[in-house]
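> Have a peek at upload.txt (compact mmCIF, C-alpha atoms).
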```txt
# COMPACT_ATOMS: atom_id res chain seq x y z
CA MET A 1 4.38 -18.31 -4.62
CA ALA A 2 1.09 -16.55 -3.87
CA MET A 3 1.37 -13.71 -1.45
CA ARG A 4 -0.88 -14.33 1.53
CA SER A 5 -0.75 -14.18 5.28
CA THR A 6 -0.36 -17.24 7.46
CA VAL A 7 -3.30 -15.91 9.50
CA GLU A 8 -6.47 -17.54 8.17
CA PRO A 9 -9.90 -15.90 8.40
CA GLN A 10 -12.07 -17.23 11.21
CA ARG A 11 -15.35 -17.61 9.32
CA PRO A 12 -18.01 -19.03 11.61
CA SER A 13 -20.56 -21.36 10.06
CA ALA A 14 -23.38 -19.16 11.28
CA ALA A 15 -23.53 -15.38 11.33
CA PRO A 16 -24.10 -14.23 14.91
CA ALA A 17 -26.48 -11.30 15.11
CA ASP A 18 -24.00 -9.26 17.12
CA ARG A 19 -21.25 -9.35 14.50
CA VAL A 20 -20.40 -5.91 13.17
CA ARG A 21 -21.23 -5.57 9.47
CA LEU A 22 -18.22 -3.94 7.81
CA LEU A 23 -17.85 -2.88 4.18
CA THR A 24 -14.45 -1.89 2.79
CA PHE A 25 -14.48 0.19 -0.41
CA MET A 26 -11.53 0.19 -2.84
CA THR A 27 -10.70 1.39 -6.32
CA LEU A 28 -9.62 -2.09 -7.45
CA PHE A 29 -7.40 -4.97 -6.28
CA ALA A 30 -4.22 -4.60 -8.32
CA ILE A 31 -0.83 -5.10 -6.69
CA GLY A 32 0.01 -2.05 -4.60
CA GLY A 33 0.66 -0.94 -1.05
CA THR A 34 -2.94 -0.14 -0.12
CA GLU A 35 -4.21 -3.33 -1.73
CA ARG A 36 -1.61 -5.45 0.10
CA HIS A 37 -2.63 -3.74 3.34
CA VAL A 38 -6.33 -4.42 2.81
CA VAL A 39 -5.78 -8.07 1.85
CA SER A 40 -3.62 -8.59 4.95
CA LEU A 41 -6.30 -6.99 7.10
CA ALA A 42 -8.95 -9.22 5.53
CA ASP A 43 -6.79 -12.27 6.26
CA GLY A 44 -6.39 -11.51 9.94
CA LEU A 45 -9.69 -9.87 10.88
CA ASP A 46 -11.56 -11.53 13.74
CA TYR A 47 -14.54 -12.99 11.90
CA SER A 48 -16.26 -13.86 15.15
CA ARG A 49 -16.65 -10.09 15.65
CA PHE A 50 -16.85 -8.71 12.09
CA GLU A 51 -18.75 -9.68 8.95
CA LEU A 52 -16.74 -8.26 6.04
CA GLU A 53 -17.58 -7.52 2.41
CA PHE A 54 -16.10 -5.29 -0.30
CA GLY A 55 -17.20 -2.64 -2.75
CA CYS A 56 -15.04 -1.31 -5.58
CA LEU A 57 -15.00 0.92 -8.63
CA ARG A 58 -13.36 -1.73 -10.80
CA ARG A 59 -13.72 -5.44 -10.11
CA SER A 60 -10.25 -6.48 -11.22
CA GLY A 61 -6.71 -6.99 -10.00
CA GLU A 62 -4.30 -9.71 -8.95
CA PHE A 63 -5.61 -9.84 -5.37
CA LEU A 64 -9.27 -10.31 -6.34
CA PRO A 65 -9.11 -14.14 -6.64
CA GLN A 66 -7.60 -14.35 -3.16
CA LEU A 67 -10.47 -12.41 -1.64
CA GLU A 68 -13.06 -14.44 -3.52
CA ALA A 69 -11.36 -17.68 -2.44
CA ARG A 70 -11.93 -16.59 1.13
CA GLY A 71 -15.66 -16.36 0.47
CA LEU A 72 -15.75 -12.56 0.66
CA LYS A 73 -18.34 -10.77 -1.48
CA VAL A 74 -17.04 -8.08 -3.86
CA ARG A 75 -19.52 -5.76 -5.64
CA GLU A 76 -18.58 -3.36 -8.42
CA TYR A 77 -19.88 0.20 -8.89
CA ALA A 78 -18.27 1.11 -12.20
CA VAL A 79 -17.98 4.79 -13.10
CA ALA A 80 -15.86 6.62 -15.65
CA ARG A 81 -15.66 9.82 -13.59
CA LEU A 82 -16.69 11.13 -10.18
CA TYR A 83 -19.58 13.26 -11.43
CA GLY A 84 -22.53 12.92 -13.80
CA ALA A 85 -25.84 11.08 -13.93
CA ARG A 86 -24.32 7.59 -14.12
CA THR A 87 -22.09 8.24 -11.13
CA LEU A 88 -25.03 9.55 -9.11
CA GLY A 89 -27.00 6.46 -10.06
CA GLN A 90 -24.19 4.19 -8.88
CA GLN A 91 -23.91 6.12 -5.62
CA LEU A 92 -27.65 5.68 -5.04
CA ARG A 93 -27.28 1.96 -5.81
CA PHE A 94 -24.42 1.76 -3.29
CA ALA A 95 -26.47 3.61 -0.64
CA GLN A 96 -29.34 1.19 -1.17
CA HIS A 97 -26.98 -1.75 -0.70
CA LEU A 98 -25.64 -0.27 2.54
CA ARG A 99 -29.18 0.08 3.87
CA ARG A 100 -30.35 -3.31 2.63
CA GLN A 101 -27.34 -5.14 4.10
CA ARG A 102 -27.52 -3.08 7.31
CA ILE A 103 -23.85 -2.11 7.06
CA GLN A 104 -22.66 -0.56 10.34
CA ILE A 105 -19.16 0.58 9.27
CA MET A 106 -18.16 1.75 5.77
CA HIS A 107 -14.41 2.21 5.34
CA SER A 108 -13.09 3.69 2.08
CA TYR A 109 -9.46 3.95 0.96
CA ASN A 110 -7.86 6.85 -0.94
CA PHE A 111 -9.12 9.58 -3.23
CA TYR A 112 -11.60 7.99 -5.66
CA PRO A 113 -13.28 5.66 -3.13
CA ASN A 114 -13.44 8.45 -0.52
CA VAL A 115 -15.15 10.87 -2.91
CA PHE A 116 -17.53 8.23 -4.28
CA ALA A 117 -18.44 6.20 -1.21
CA ILE A 118 -18.53 8.63 1.72
CA PRO A 119 -21.48 10.78 0.49
CA ALA A 120 -23.39 7.60 -0.38
CA ALA A 121 -22.78 6.17 3.08
CA ARG A 122 -24.03 9.39 4.66
CA LEU A 123 -27.14 9.24 2.47
CA ALA A 124 -27.68 5.66 3.67
CA ARG A 125 -27.26 6.81 7.29
CA THR A 126 -24.50 4.29 7.86
CA PRO A 127 -23.63 4.63 11.58
CA VAL A 128 -19.83 4.85 11.17
CA VAL A 129 -18.05 6.18 8.09
CA VAL A 130 -14.24 5.96 7.96
CA ALA A 131 -11.94 7.43 5.30
CA SER A 132 -8.34 6.37 4.74
CA ILE A 133 -5.66 8.63 3.27
CA ARG A 134 -2.30 6.93 2.85
CA ASP A 135 0.07 9.48 1.30
CA THR A 136 0.80 13.19 1.33
CA GLY A 137 -1.17 13.92 -1.81
CA ALA A 138 1.55 14.93 -4.26
CA HIS A 139 -0.38 13.20 -7.08
CA LEU A 140 -3.53 15.27 -6.45
CA ASN A 141 -4.17 18.68 -7.98
CA MET A 142 -5.64 21.53 -5.94
CA ARG A 143 -9.19 20.79 -7.06
CA GLN A 144 -8.89 17.12 -6.11
CA ARG A 145 -7.50 18.02 -2.70
CA LYS A 146 -10.45 20.34 -2.09
CA VAL A 147 -12.98 17.72 -3.22
CA GLN A 148 -11.44 15.06 -0.97
CA ARG A 149 -11.41 17.44 1.98
CA LEU A 150 -15.11 18.17 1.47
CA ALA A 151 -15.92 14.46 1.24
CA CYS A 152 -13.89 13.65 4.35
CA ARG A 153 -15.79 16.26 6.34
CA LEU A 154 -18.74 13.90 6.01
CA ALA A 155 -16.74 11.02 7.52
CA ASP A 156 -16.72 10.27 11.23
CA HIS A 157 -13.01 9.54 11.24
CA ILE A 158 -9.92 9.52 9.02
CA LEU A 159 -7.37 6.73 9.31
CA VAL A 160 -3.81 7.37 8.10
CA ASN A 161 -0.74 5.17 8.08
CA ALA A 162 1.95 7.67 9.11
CA GLU A 163 2.37 10.65 11.39
CA ALA A 164 3.63 12.58 8.36
CA VAL A 165 0.24 12.11 6.67
CA ARG A 166 -1.60 13.26 9.80
CA GLN A 167 0.52 16.41 9.95
CA TRP A 168 -0.03 17.10 6.25
CA LEU A 169 -3.79 16.74 6.59
CA THR A 170 -3.87 19.01 9.64
CA ALA A 171 -1.96 21.66 7.67
CA GLN A 172 -4.57 21.26 4.89
CA GLY A 173 -7.37 22.15 7.33
CA TYR A 174 -8.53 18.71 8.51
CA ASP A 175 -9.68 18.37 12.12
CA PRO A 176 -6.82 16.61 13.98
CA ARG A 177 -9.28 15.25 16.56
CA ARG A 178 -10.81 13.04 13.87
CA ILE A 179 -7.54 11.57 12.59
CA SER A 180 -5.87 8.39 13.87
CA VAL A 181 -2.51 6.91 12.87
CA ILE A 182 -2.21 3.14 12.52
CA ARG A 183 1.06 2.17 10.88
CA ASN A 184 1.22 -0.65 8.35
CA GLY A 185 2.03 -4.14 9.54
CA LEU A 186 3.16 -7.34 7.87
CA ASP A 187 3.65 -11.02 8.58
CA LEU A 188 7.39 -11.41 9.18
CA SER A 189 7.24 -15.18 8.68
CA ARG A 190 6.68 -14.66 4.93
CA PHE A 191 10.10 -13.04 4.59
CA ALA A 192 13.19 -15.12 5.18
CA PRO A 193 16.70 -13.97 4.26
CA GLY A 194 18.42 -16.36 1.87
CA GLU A 195 18.32 -16.38 -1.91
CA ASP A 196 16.34 -18.76 -4.11
CA GLY A 197 18.94 -19.78 -6.71
CA SER A 198 16.37 -20.38 -9.45
CA LEU A 199 15.34 -16.72 -9.53
CA ARG A 200 18.49 -15.53 -11.33
CA ARG A 201 18.10 -18.19 -14.01
CA GLU A 202 14.46 -17.20 -14.46
CA LEU A 203 15.32 -13.51 -14.89
CA GLY A 204 18.56 -14.01 -16.84
CA ILE A 205 20.75 -12.49 -14.12
CA PRO A 206 24.36 -13.78 -13.90
CA GLU A 207 25.34 -15.69 -10.78
CA GLY A 208 27.10 -13.43 -8.30
CA ALA A 209 25.94 -10.19 -9.92
CA PRO A 210 24.78 -7.70 -7.25
CA LEU A 211 21.07 -6.99 -7.68
CA VAL A 212 19.59 -3.53 -7.07
CA ALA A 213 15.79 -3.57 -7.03
CA MET A 214 13.00 -1.04 -7.14
CA LEU A 215 9.62 -2.47 -6.09
CA SER A 216 6.75 -0.17 -7.00
CA ARG A 217 3.91 0.56 -9.36
CA LEU A 218 5.19 2.32 -12.46
CA SER A 219 4.13 5.90 -11.79
CA ARG A 220 5.88 9.21 -12.25
CA MET A 221 5.36 9.91 -8.55
CA LYS A 222 7.46 6.86 -7.67
CA GLY A 223 10.67 8.31 -9.12
CA VAL A 224 11.41 5.53 -11.61
CA GLU A 225 13.31 7.94 -13.87
CA ASP A 226 15.53 8.91 -10.92
CA PHE A 227 16.17 5.23 -10.24
CA LEU A 228 17.27 4.63 -13.83
CA ASP A 229 19.49 7.72 -13.84
CA ALA A 230 21.10 6.58 -10.59
CA ALA A 231 21.46 3.04 -11.98
CA ALA A 232 23.51 4.35 -14.91
CA THR A 233 25.99 5.94 -12.49
CA VAL A 234 26.13 2.83 -10.29
CA ALA A 235 26.63 0.57 -13.31
CA ALA A 236 29.68 2.59 -14.37
CA ARG A 237 31.26 2.10 -10.96
CA VAL A 238 30.14 -1.36 -9.80
CA GLU A 239 31.10 -4.09 -12.23
CA ASN A 240 28.29 -6.45 -13.20
CA ALA A 241 25.65 -4.71 -11.09
CA HIS A 242 22.14 -5.52 -12.40
CA PHE A 243 18.85 -3.79 -11.73
CA LEU A 244 15.24 -4.92 -11.33
CA VAL A 245 12.17 -2.74 -11.77
CA ILE A 246 9.44 -4.81 -10.13
CA GLY A 247 5.92 -3.63 -10.87
CA ASP A 248 3.76 -2.20 -13.60
CA ASN A 249 1.13 0.46 -14.25
CA ILE A 250 -2.56 -0.16 -13.53
CA ASN A 251 -3.80 2.57 -15.89
CA PRO A 252 -4.99 1.75 -19.43
CA ASP A 253 -2.08 3.74 -20.91
CA GLY A 254 0.41 2.13 -18.55
CA SER A 255 2.13 0.14 -21.27
CA ALA A 256 3.13 3.40 -22.99
CA TYR A 257 4.82 4.63 -19.81
CA ARG A 258 6.64 1.32 -19.41
CA ARG A 259 7.91 1.56 -23.01
CA GLU A 260 9.08 5.09 -22.23
CA LEU A 261 11.05 3.81 -19.24
CA GLU A 262 12.53 0.94 -21.23
CA ALA A 263 13.64 3.41 -23.90
CA ARG A 264 15.21 5.60 -21.22
CA ALA A 265 17.12 2.60 -19.86
CA ALA A 266 18.40 1.83 -23.37
CA ARG A 267 19.55 5.43 -23.90
CA LEU A 268 21.46 5.21 -20.62
CA GLY A 269 23.24 2.07 -21.80
CA LEU A 270 21.36 -0.16 -19.37
CA ALA A 271 19.35 -2.33 -21.77
CA SER A 272 21.30 -5.49 -20.87
CA ARG A 273 21.44 -4.71 -17.15
CA VAL A 274 17.87 -3.71 -16.28
CA VAL A 275 14.99 -6.19 -16.10
CA PHE A 276 11.41 -4.90 -16.01
CA THR A 277 9.62 -7.81 -14.33
CA GLY A 278 6.03 -6.50 -14.36
CA PHE A 279 3.73 -7.28 -11.45
CA ARG A 280 4.87 -10.17 -9.24
CA LEU A 281 3.14 -11.98 -6.40
CA ASP A 282 6.36 -13.61 -5.14
CA VAL A 283 7.73 -10.46 -3.48
CA PRO A 284 9.51 -12.28 -0.62
CA ARG A 285 11.35 -14.49 -3.12
CA LEU A 286 12.51 -11.46 -5.11
CA LEU A 287 13.61 -9.49 -2.07
CA SER A 288 15.64 -12.43 -0.77
CA ALA A 289 17.94 -12.02 -3.78
CA VAL A 290 18.62 -8.28 -3.77
CA ALA A 291 21.69 -6.54 -2.43
CA VAL A 292 19.83 -3.28 -1.98
CA SER A 293 16.17 -2.28 -2.27
CA VAL A 294 15.50 1.26 -3.51
CA LEU A 295 12.38 3.43 -3.17
CA PRO A 296 12.96 6.84 -4.83
CA SER A 297 9.37 8.13 -4.40
CA LEU A 298 8.37 11.76 -4.53
CA SER A 299 5.44 11.14 -2.16
CA GLU A 300 4.60 8.35 0.29
CA GLY A 301 2.66 7.57 3.39
CA LEU A 302 4.28 4.61 5.13
CA SER A 303 5.57 2.42 2.32
CA ASN A 304 4.84 -1.31 2.41
CA THR A 305 7.78 -1.71 0.03
CA ILE A 306 10.14 -0.34 2.66
CA LEU A 307 8.69 -2.58 5.37
CA GLU A 308 8.77 -5.69 3.16
CA SER A 309 12.38 -5.00 2.20
CA MET A 310 13.30 -4.52 5.85
CA ALA A 311 11.51 -7.76 6.76
CA ALA A 312 13.56 -9.60 4.12
CA GLY A 313 16.77 -8.21 5.60
CA ALA A 314 17.53 -6.25 2.42
CA PRO A 315 19.38 -2.95 2.97
CA VAL A 316 17.06 -0.10 1.98
CA VAL A 317 17.79 3.21 0.27
CA ALA A 318 14.72 5.46 0.24
CA THR A 319 13.86 9.09 -0.28
CA ARG A 320 13.07 11.14 2.79
CA VAL A 321 9.39 11.74 2.00
CA GLY A 322 6.18 11.13 3.93
CA GLY A 323 6.55 8.42 6.55
CA SER A 324 9.82 6.94 5.30
CA ALA A 325 11.72 8.38 8.25
CA GLU A 326 9.16 6.75 10.58
CA ALA A 327 10.18 3.32 9.23
CA LEU A 328 13.93 3.89 8.77
CA GLU A 329 16.53 5.66 10.87
CA HIS A 330 19.24 6.93 8.58
CA GLY A 331 22.53 5.12 9.08
CA VAL A 332 21.03 2.72 11.64
CA ASP A 333 18.69 0.42 9.70
CA GLY A 334 18.68 2.04 6.26
CA LEU A 335 19.72 5.07 4.25
CA LEU A 336 17.59 8.13 3.42
CA VAL A 337 18.31 10.60 0.62
CA PRO A 338 16.54 13.69 -0.74
CA PRO A 339 13.84 13.14 -3.39
CA GLN A 340 14.53 13.93 -7.05
CA ASP A 341 18.29 13.65 -6.50
CA PRO A 342 19.70 10.81 -8.65
CA ALA A 343 23.27 11.72 -7.66
CA ALA A 344 22.54 11.25 -3.94
CA LEU A 345 20.61 8.09 -4.75
CA SER A 346 23.53 6.62 -6.71
CA ARG A 347 26.00 7.46 -3.93
CA ALA A 348 23.88 5.67 -1.35
CA ILE A 349 23.37 2.60 -3.56
CA THR A 350 27.08 2.44 -4.37
CA TRP A 351 28.00 2.70 -0.68
CA VAL A 352 25.78 -0.29 0.13
CA LEU A 353 27.29 -2.36 -2.69
CA GLU A 354 30.86 -1.46 -1.75
CA HIS A 355 30.39 -2.09 1.99
CA PRO A 356 28.75 -5.54 2.19
CA GLU A 357 29.48 -6.15 5.89
CA GLU A 358 28.00 -2.80 6.97
CA ALA A 359 25.08 -3.42 4.63
CA ARG A 360 24.34 -6.77 6.27
CA VAL A 361 24.25 -5.01 9.65
CA LEU A 362 21.70 -2.53 8.27
CA GLY A 363 19.60 -5.41 7.01
CA ARG A 364 19.67 -7.30 10.33
CA ARG A 365 18.70 -4.18 12.27
CA ALA A 366 15.92 -3.44 9.78
CA ARG A 367 14.41 -6.91 10.15
CA ALA A 368 14.55 -6.64 13.94
CA ARG A 369 12.78 -3.26 13.82
CA VAL A 370 9.96 -4.64 11.68
CA ALA A 371 9.49 -7.51 14.12
CA GLU A 372 9.32 -5.10 17.04
CA GLU A 373 7.26 -2.22 15.62
CA PHE A 374 5.42 -3.27 12.45
CA SER A 375 3.78 -6.62 13.08
CA LEU A 376 0.62 -7.65 11.26
CA ALA A 377 -1.02 -8.66 14.55
CA ARG A 378 -0.50 -5.17 15.98
CA MET A 379 -1.98 -3.49 12.90
CA ILE A 380 -5.06 -5.72 12.91
CA ARG A 381 -5.60 -5.31 16.65
CA GLU A 382 -5.37 -1.51 16.47
CA THR A 383 -7.76 -1.37 13.51
CA GLU A 384 -10.33 -3.57 15.24
CA CYS A 385 -10.06 -1.42 18.37
CA LEU A 386 -10.63 1.73 16.31
CA TYR A 387 -13.76 0.24 14.75
CA ALA A 388 -15.07 -0.75 18.19
CA ARG A 389 -14.32 2.67 19.66
CA LEU A 390 -16.10 4.48 16.84
CA LEU A 391 -19.22 2.38 17.44
CA GLU A 392 -19.17 3.06 21.17
CA SER A 393 -20.62 6.59 21.31
CA PRO A 394 -24.27 6.52 22.45
CA ALA A 395 -25.59 8.05 19.23
CA ARG A 396 -23.63 5.70 16.98
CA ARG A 397 -24.43 2.69 19.16
CA LYS A 398 -28.11 3.54 18.84
CA ALA A 399 -27.76 4.02 15.07
CA ALA A 400 -25.86 0.76 14.71
CA ALA A 401 -28.52 -1.12 16.68
CA ARG A 402 -31.22 0.43 14.47
CA VAL A 403 -29.39 -0.54 11.29
CA ALA A 404 -28.67 -4.05 12.55
CA GLY A 405 -32.40 -4.48 13.16
```
Have the structure of the file written as structure tokens, please.


Amino acid sequence: MAMRSTVEPQRPSAAPADRVRLLTFMTLFAIGGTERHVVSLADGLDYSRFELEFGCLRRSGEFLPQLEARGLKVREYAVARLYGARTLGQQLRFAQHLRRQRIQIMHSYNFYPNVFAIPAARLARTPVVVASIRDTGAHLNMRQRKVQRLACRLADHILVNAEAVRQWLTAQGYDPRRISVIRNGLDLSRFAPGEDGSLRRELGIPEGAPLVAMLSRLSRMKGVEDFLDAAATVAARVENAHFLVIGDNINPDGSAYRRELEARAARLGLASRVVFTGFRLDVPRLLSAVAVSVLPSLSEGLSNTILESMAAGAPVVATRVGGSAEALEHGVDGLLVPPQDPAALSRAITWVLEHPEEARVLGRRARARVAEEFSLARMIRETECLYARLLESPARRKAAARVAG
């Protein structure tokens, strides 16, 4: 089942002159939280008001065909690093494209796109430049944090997905007046509680075996090792419990890290009880089958994995990092544990498996909270309003009119 919103783009047959020309810049379009967010936004954007296209550093990823099927242009600006003559040449090429296409808003997402695209957009005199930062930066070294901060000073505004990210940026020296929080949203109709019986046969999972799933890219910052360590403890206590690691690594050496994790699972005696599924587009189908969804990250913004699990009615165990506590209230609609604590993680998972009635209550409350606070329509509306507000200042309105010709 392809993962897409039920909201279809409203592409007019003609391009009204007053539509805002918007370019979104990404690293690539592999399966991940930011990529899911951007694809959902592209699905629901009001195309009578906005004319959207994409730029990227690598023209690849599972979501790319979906964007192209919608008729959205995607241009690649391939670089091996963020400095050097080739990179400068690609930035100049990007600036020329922004000027030629009369782009009025350039919106980049996360470290590499922010550092590459924001200076180019300033060179092109793009009227509105927006940066997005969607985690608390644990994967960045000090030099990278400094470089991103310098790049973001050139942006008109910074969009984050959690209050925790806004607070972290403010502590890092960012101007809080130029930061807005718009929390992630999703289409609840894609997630329906109730298991698809064919999934267990497909994955080789015994009927009736409780499923514990971790949905994430394979990255050391996601705490996969902690999940496996906790799984070994849970497996010793809960008969026939099985575990899914849903996701993969987008880096060229990602297969080596996956083999390392598979070897760790074997050493822990879990070889027959852990399935590494790789990337999957049928996330709602997978989540409908799990007894508990686990996110043991060391750093997060506002995790789409948490929201998707909540929407599916799956009880969630997550680490208390970033914006996780903004999505879940401990003991009310999920469980929160400290990061890098496999013992606490295993206790929480075991509690969910051993208390099925209480777990179902957590799942029902979680789904209700997503419906009330994290709708896709709300996220799209707030983003469109931010774009409109940023274009409203007299200077930017004048610049936008000049660019639009």

> To one decimal in Å, tell me the separation between CA of Leu199 in chain A and CA of Ser216 in chain A.

18.8 Å

> Using CA of Val238 in chain A and CA of Val212 in chain A as the two end points, give the distance in Å to one decimal.

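Computing it gives 11.1 Å between the two atoms.
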
> Would you list the residues near (-19.7, -2.2, 8.6) (no more than 6 Å away, in the coordinates of the file, using all atoms listed in the file) as a list in words?

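Counting all atoms listed in the file, I find these residues within 6 Å of (-19.7, -2.2, 8.6): Val20, Arg21, Leu22, Leu23, Ile103, Gln104, Ile105 and Met106 of chain A.
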
> Can you pull out every residue within 8 Å of Arg58 in chain A, counting all atoms listed in the file, but drop anything in the same chain fewer than 6 positions away, and send it as a list in words?

Thr27, Leu28, Glu76, Tyr77 and Ala78 of chain A

> Mind running range 159-179 of chain A against range 371-388 of chain A at 12 Å and telling me each contacting residue's nearest atom pair with the distance in Å (one decimal), counting all atoms listed in the file, chain and number ascending, as a Markdown table?


```
| residue | atom | partner | partner_atom | distance |
| --- | --- | --- | --- | --- |
| A:Leu159 | CA | A:Thr383 | CA | 9.1 |
| A:Val160 | CA | A:Thr383 | CA | 11.0 |
| A:Asn161 | CA | A:Met379 | CA | 10.0 |
| A:Ala162 | CA | A:Phe374 | CA | 12.0 |
| A:Arg178 | CA | A:Leu386 | CA | 11.6 |
| A:Ile179 | CA | A:Leu386 | CA | 11.0 |
```

> Quick one: which range 318-338 of chain A residues come within 9 Å of range 274-298 of chain A, and what is the nearest atom pair for each with the distance in Å to one decimal, counting all atoms listed in the file, rows ordered by chain and ascending number, as CSV?


```
residue,atom,partner,partner_atom,distance
A:Ala318,CA,A:Leu295,CA,4.6
A:Thr319,CA,A:Pro296,CA,5.2
A:Arg320,CA,A:Ser297,CA,8.6
A:Val321,CA,A:Leu298,CA,6.6
A:Gly322,CA,A:Leu298,CA,8.8
A:Val337,CA,A:Pro296,CA,8.5
A:Pro338,CA,A:Pro296,CA,8.7
```

> Just C-alpha atoms for this one: save the residues we selected as an mmCIF file, keeping the file's coordinate frame.


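File written: selection.cif
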```cif
data_model
loop_
_atom_site.group_PDB
_atom_site.id
_atom_site.type_symbol
_atom_site.label_atom_id
_atom_site.label_comp_id
_atom_site.auth_asym_id
_atom_site.auth_seq_id
_atom_site.Cartn_x
_atom_site.Cartn_y
_atom_site.Cartn_z
ATOM 1 C CA ALA A 318 14.720 5.460 0.240
ATOM 2 C CA THR A 319 13.860 9.090 -0.280
ATOM 3 C CA ARG A 320 13.070 11.140 2.790
ATOM 4 C CA VAL A 321 9.390 11.740 2.000
ATOM 5 C CA GLY A 322 6.180 11.130 3.930
ATOM 6 C CA VAL A 337 18.310 10.600 0.620
ATOM 7 C CA PRO A 338 16.540 13.690 -0.740
#
```

> I'd like the interatomic distance between CA of Glu262 in chain A and CA of Arg217 in chain A, to a tenth of an Å.

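Going from CA of Glu262 in chain A over to CA of Arg217 in chain A covers 14.7 Å.
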